Amino acid sequence: MASFVRAAAVASAPAPDSPPEAAPDLVLPPVGNDWMARAEAVARAVGAVLKSRAGLDDREWPGMPCLVGSSSHFIGAREAQPDAELGPPAEFAARLARCFGAAGPVMTVNTACTSGLTALALARDMIDAGHCRHALVLGVELANRLSSIGFGALGLLSASTAKPCDRDRDGLVLGEGFGALLVSASGAWRIAAAATQIDPSGFATPAPNEGVFARAMRAALAAAGWQAADVDLLKLQAGGSPSGDLAEARAVLGLFASLPRLVSFKGAIGHTLGASGPAELALLLAALARGRVPATAGFRHADPEVGLEPGAADGGAVRRVLFNLAGFGGHVASLALARE
């Protein structure tokens with residue numbers, strides 16, 4: 001059985017210079033005193049958008065499994081209310097799932113910044129194995145100080161804005177994101193392959209090396225039965241990291257004899273860590289449905305050393321997409337999607 005991304009929705013905080021084609025469905029509300037109430041309100045709002053697009057009978061949702069990818073889960077609630085009674089991450093996932101009307105089995109996934117994409121791959125496996133016809137995948141990364149302090153202490157954050165692939169890039173900008181995907185046995189975009197790699201020498205480095213990026217992309221292409229020339233669009237990880245963008249660029253240039261269209265979303269919504277897979281995939285699919293490859297916010301000046309120039313383009317002819325993600329701890333994931 002094949003599996004598809006049937007519907008997607010995202011809430012995030014867009015950067016001031018984000019292109020309109022990369023606008024989220026919902027803008028996250030300000031952070032208030034009750035962290036959990038805000039999280040659930042966001043989940044209900046995103047759920048309403050996802051349900052309106054999915055076109056499923058209401059009876060399909062109550063037994064649906066839910067997989068939640070996040071690198072921080074509810075740590076923000078602990079920071080806001082140190083004495084709050086909070087259960088394990090699976091309980092947090094169940095609370096979010098109920099906001100969508102999904103009351104089936106829940107699973108939490110934490111593979112750093114690839115968490116949401118790992119959850120998507122697991123949902124694909126469940127559907128392909130015939131365990132369910134539909135699965136809800138959430139990528140959730142909401143306000144918390146721990147992530148900011150950790151990335152800041154490592155010297156990985158930009159002093160200004162994220163500038164993917166730009167000659168003046170100076171680091172990441174963190175963002176909040178809540179992405180939701182409905183993975184189903186039918187839909188507009190078939191999940192042709194999902195591949196993951198780990199950089200064993202880079203568990204504590206800012207970004208994996210170019211060889212790991214290359215292996216992930218090659219593995220996804222091989223599993224999909226594609227050649228590099230078959231790819232119409234490459235969604236880059238590129239978040240504005242001096243070393244990370246360069247490593248990915250070297251892998252891309254070594255793989256593609258002729259570059260496909262290129263795009264990065266980190267300049268538009270920030271690096272949403274574990275949510276970035278579902279959040280960026282929702283943005284991308286919405287833009288392609290409107291016939292556009294969005295401009296890459298923050299990219300203004302080409303860097304000859306990087307050699308990649310993402311830019312706005314016609315998206316109507318895009319049929320095959322390779323979608324890259326990478327993160328701290330050496331995790332790299334590459335997803336192959338085919339328009340049906």
# chains A, B, ... in the order shown; residues from 1 in each chain; ligands from 1
call {"tool": "closest_atom_pairs", "arguments": {"of": "stretch 160-245 of chain A", "to": "stretch 7-19 of chain A", "cutoff": "8 Å", "atoms": "only C-alpha atoms", "output": "Markdown table"}}
result
| residue | atom | partner | partner_atom | distance |
| --- | --- | --- | --- | --- |
| A:Gly175 | CA | A:Ala13 | CA | 7.1 |
| A:Glu176 | CA | A:Ser12 | CA | 5.8 |
| A:Gly177 | CA | A:Ser12 | CA | 4.6 |
| A:Phe178 | CA | A:Ala11 | CA | 5.2 |
| A:Gly179 | CA | A:Val10 | CA | 4.3 |
| A:Ala180 | CA | A:Ala9 | CA | 5.3 |
| A:Leu181 | CA | A:Ala8 | CA | 4.4 |
| A:Leu182 | CA | A:Ala7 | CA | 5.2 |
| A:Val183 | CA | A:Ala7 | CA | 7.5 |
| A:Gly187 | CA | A:Ala7 | CA | 7.7 |
call {"tool": "select_by_dssp", "arguments": {"residues": "stretch 136-291 of chain A", "states": "helix (DSSP H, G or I)", "output": "PyMOL selection string"}}
result
chain A and resi 145-153+210-224+228-230+242-255+266-269+273-289
call {"tool": "residues_around", "arguments": {"residues": "A:Val263", "least_positions_apart": "2", "cutoff": "8 Å", "atoms": "only C-alpha atoms", "output": "list in words"}}
result
Leu233, Leu234, Lys235, Leu236, Arg261, Phe265, Val293, Pro294, Ala295, Thr296, Pro310, Gly311 and Ala312 of chain A
call {"tool": "write_last_selection", "arguments": {"atoms": "N, CA and C atoms", "output": "PDB file, in the first residue's frame"}}
result
ATOM      1  N   LEU A 233      12.572  19.951  -7.648  1.00  0.00           N
ATOM      2  CA  LEU A 233      12.723  20.954  -6.584  1.00  0.00           C
ATOM      3  C   LEU A 233      13.427  20.325  -5.399  1.00  0.00           C
ATOM      4  N   LEU A 234      14.397  21.025  -4.865  1.00  0.00           N
ATOM      5  CA  LEU A 234      15.095  20.600  -3.654  1.00  0.00           C
ATOM      6  C   LEU A 234      14.811  21.599  -2.550  1.00  0.00           C
ATOM      7  N   LYS A 235      14.167  21.118  -1.485  1.00  0.00           N
ATOM      8  CA  LYS A 235      13.955  21.949  -0.303  1.00  0.00           C
ATOM      9  C   LYS A 235      15.182  21.785   0.577  1.00  0.00           C
ATOM     10  N   LEU A 236      15.961  22.845   0.683  1.00  0.00           N
ATOM     11  CA  LEU A 236      17.205  22.805   1.428  1.00  0.00           C
ATOM     12  C   LEU A 236      16.967  22.899   2.930  1.00  0.00           C
ATOM     13  N   ARG A 261      15.280  23.490  -9.038  1.00  0.00           N
ATOM     14  CA  ARG A 261      14.861  24.671  -8.297  1.00  0.00           C
ATOM     15  C   ARG A 261      15.213  24.460  -6.827  1.00  0.00           C
ATOM     16  N   PHE A 265      13.142  27.559   3.867  1.00  0.00           N
ATOM     17  CA  PHE A 265      12.113  28.285   4.624  1.00  0.00           C
ATOM     18  C   PHE A 265      12.623  28.846   5.949  1.00  0.00           C
ATOM     19  N   VAL A 293       7.071  28.328  -6.511  1.00  0.00           N
ATOM     20  CA  VAL A 293       8.167  28.026  -5.595  1.00  0.00           C
ATOM     21  C   VAL A 293       8.496  29.357  -4.930  1.00  0.00           C
ATOM     22  N   PRO A 294       8.367  29.459  -3.602  1.00  0.00           N
ATOM     23  CA  PRO A 294       8.545  30.768  -2.959  1.00  0.00           C
ATOM     24  C   PRO A 294       9.980  31.274  -3.042  1.00  0.00           C
ATOM     25  N   ALA A 295      10.118  32.575  -2.958  1.00  0.00           N
ATOM     26  CA  ALA A 295      11.446  33.154  -2.763  1.00  0.00           C
ATOM     27  C   ALA A 295      11.966  32.723  -1.402  1.00  0.00           C
ATOM     28  N   THR A 296      13.280  32.666  -1.250  1.00  0.00           N
ATOM     29  CA  THR A 296      13.897  32.310   0.024  1.00  0.00           C
ATOM     30  C   THR A 296      14.202  33.581   0.796  1.00  0.00           C
ATOM     31  N   PRO A 310      19.033  29.956  -4.189  1.00  0.00           N
ATOM     32  CA  PRO A 310      17.591  29.696  -4.162  1.00  0.00           C
ATOM     33  C   PRO A 310      16.812  30.935  -4.566  1.00  0.00           C
ATOM     34  N   GLY A 311      15.697  30.734  -5.258  1.00  0.00           N
ATOM     35  CA  GLY A 311      14.914  31.878  -5.703  1.00  0.00           C
ATOM     36  C   GLY A 311      13.518  31.469  -6.106  1.00  0.00           C
ATOM     37  N   ALA A 312      12.637  32.450  -6.211  1.00  0.00           N
ATOM     38  CA  ALA A 312      11.260  32.201  -6.627  1.00  0.00           C
ATOM     39  C   ALA A 312      11.236  31.630  -8.039  1.00  0.00           C
TER      40      ALA A 312
END
call {"tool": "residues_around", "arguments": {"residues": "A:Gly139", "least_positions_apart": "4", "cutoff": "8 Å", "atoms": "only C-alpha atoms", "output": "list in words"}}
result
Val68, Gly69, Ser70, Ser115, Gly116, Gly177, Phe178, Gly179, Ala180, Gly274, Ala275, Ser276, Gly277, Pro278 and Ala279 of chain A
call {"tool": "write_last_selection", "arguments": {"atoms": "C-alpha atoms", "output": "mmCIF file, in the first residue's frame"}}
result
data_model
loop_
_atom_site.group_PDB
_atom_site.id
_atom_site.type_symbol
_atom_site.label_atom_id
_atom_site.label_comp_id
_atom_site.auth_asym_id
_atom_site.auth_seq_id
_atom_site.Cartn_x
_atom_site.Cartn_y
_atom_site.Cartn_z
ATOM 1 C CA VAL A 68 4.155 13.990 17.638
ATOM 2 C CA GLY A 69 7.689 15.079 16.753
ATOM 3 C CA SER A 70 9.358 17.638 19.003
ATOM 4 C CA SER A 115 11.745 14.783 14.863
ATOM 5 C CA GLY A 116 8.715 15.790 12.806
ATOM 6 C CA GLY A 177 6.087 26.231 14.759
ATOM 7 C CA PHE A 178 3.085 23.904 14.883
ATOM 8 C CA GLY A 179 2.774 21.827 11.724
ATOM 9 C CA ALA A 180 0.108 19.186 11.117
ATOM 10 C CA GLY A 274 11.641 19.423 15.758
ATOM 11 C CA ALA A 275 8.629 21.033 14.072
ATOM 12 C CA SER A 276 10.525 22.029 10.957
ATOM 13 C CA GLY A 277 9.605 18.937 8.917
ATOM 14 C CA PRO A 278 5.795 19.233 9.116
ATOM 15 C CA ALA A 279 5.898 23.049 9.297
#
call {"tool": "select_by_dssp", "arguments": {"residues": "stretch 130-321 of chain A", "states": "strand (DSSP E or B)", "output": "PyMOL selection string"}}
result
chain A and resi 134-141+157+166+172+174+177-184+189-198+233-235+261-263+271+292-293+302+313-314+320-321
call {"tool": "closest_residue", "arguments": {"among": "A:Gly329, A:Gly87, A:Gly291, A:Gly152", "to": "A:Gln197", "atoms": "only C-alpha atoms"}}
result
A:Gly329
call {"tool": "residues_around", "arguments": {"residues": "A:Gly32", "least_positions_apart": "5", "cutoff": "12 Å", "atoms": "only C-alpha atoms", "output": "list of chain:residue names"}}
result
A:Ala37, A:Arg38, A:Ala39, A:Ala41, A:Gly76, A:Ala77, A:Ala80, A:Gln81, A:Ala143
call {"tool": "write_last_selection", "arguments": {"atoms": "N, CA and C atoms", "output": "compact mmCIF listing (two decimals), in the first residue's frame"}}
result
# COMPACT_ATOMS: atom_id res chain seq x y z
N ALA A 37 -2.42 26.19 27.88
CA ALA A 37 -3.66 26.66 27.27
C ALA A 37 -3.39 27.22 25.88
N ARG A 38 -2.28 27.94 25.73
CA ARG A 38 -1.90 28.47 24.41
C ARG A 38 -1.62 27.32 23.44
N ALA A 39 -0.88 26.32 23.90
CA ALA A 39 -0.56 25.18 23.03
C ALA A 39 -1.83 24.50 22.54
N ALA A 41 -4.85 25.81 22.35
CA ALA A 41 -5.59 26.71 21.48
C ALA A 41 -5.01 26.69 20.07
N GLY A 76 8.45 24.31 27.85
CA GLY A 76 8.03 25.69 28.07
C GLY A 76 7.02 25.82 29.19
N ALA A 77 6.15 24.82 29.34
CA ALA A 77 5.18 24.85 30.43
C ALA A 77 5.87 24.71 31.78
N ALA A 80 7.35 28.08 32.59
CA ALA A 80 6.36 29.08 32.97
C ALA A 80 5.72 28.78 34.31
N GLN A 81 5.52 27.49 34.59
CA GLN A 81 4.87 27.08 35.83
C GLN A 81 5.67 25.92 36.43
N ALA A 143 7.33 28.09 22.42
CA ALA A 143 8.24 28.96 23.17
C ALA A 143 8.84 28.28 24.40
call {"tool": "residues_around", "arguments": {"residues": "A:Trp61", "least_positions_apart": "4", "cutoff": "9 Å", "atoms": "only C-alpha atoms", "output": "list in words"}}
result
Leu56, Asp57, Pro65, Phe100, Gly101, Ala102, Ala103, Gly104 and His134 of chain A
call {"tool": "closest_residue", "arguments": {"among": "A:Phe213, A:Trp189, A:Trp35, A:Phe299", "to": "A:Ala282", "atoms": "only C-alpha atoms"}}
result
A:Trp189
call {"tool": "residues_around", "arguments": {"residues": "A:Arg215", "least_positions_apart": "2", "cutoff": "9 Å", "atoms": "only C-alpha atoms", "output": "MDAnalysis selection string"}}
result
chainID A and resid 195:197 210:213 217:220 251
call {"tool": "write_last_selection", "arguments": {"atoms": "C-alpha atoms", "output": "mmCIF file, in the first residue's frame"}}
result
data_model
loop_
_atom_site.group_PDB
_atom_site.id
_atom_site.type_symbol
_atom_site.label_atom_id
_atom_site.label_comp_id
_atom_site.auth_asym_id
_atom_site.auth_seq_id
_atom_site.Cartn_x
_atom_site.Cartn_y
_atom_site.Cartn_z
ATOM 1 C CA ALA A 195 15.953 8.172 4.379
ATOM 2 C CA THR A 196 17.899 9.069 7.512
ATOM 3 C CA GLN A 197 21.596 9.184 8.282
ATOM 4 C CA GLU A 210 28.739 16.943 3.526
ATOM 5 C CA GLY A 211 29.180 13.183 3.249
ATOM 6 C CA VAL A 212 26.223 12.539 5.538
ATOM 7 C CA PHE A 213 24.023 14.943 3.557
ATOM 8 C CA MET A 217 19.937 12.218 -0.469
ATOM 9 C CA ARG A 218 21.344 9.258 -2.404
ATOM 10 C CA ALA A 219 19.485 6.810 -0.167
ATOM 11 C CA ALA A 220 16.184 8.641 -0.683
ATOM 12 C CA ALA A 251 26.768 17.611 -1.068
#
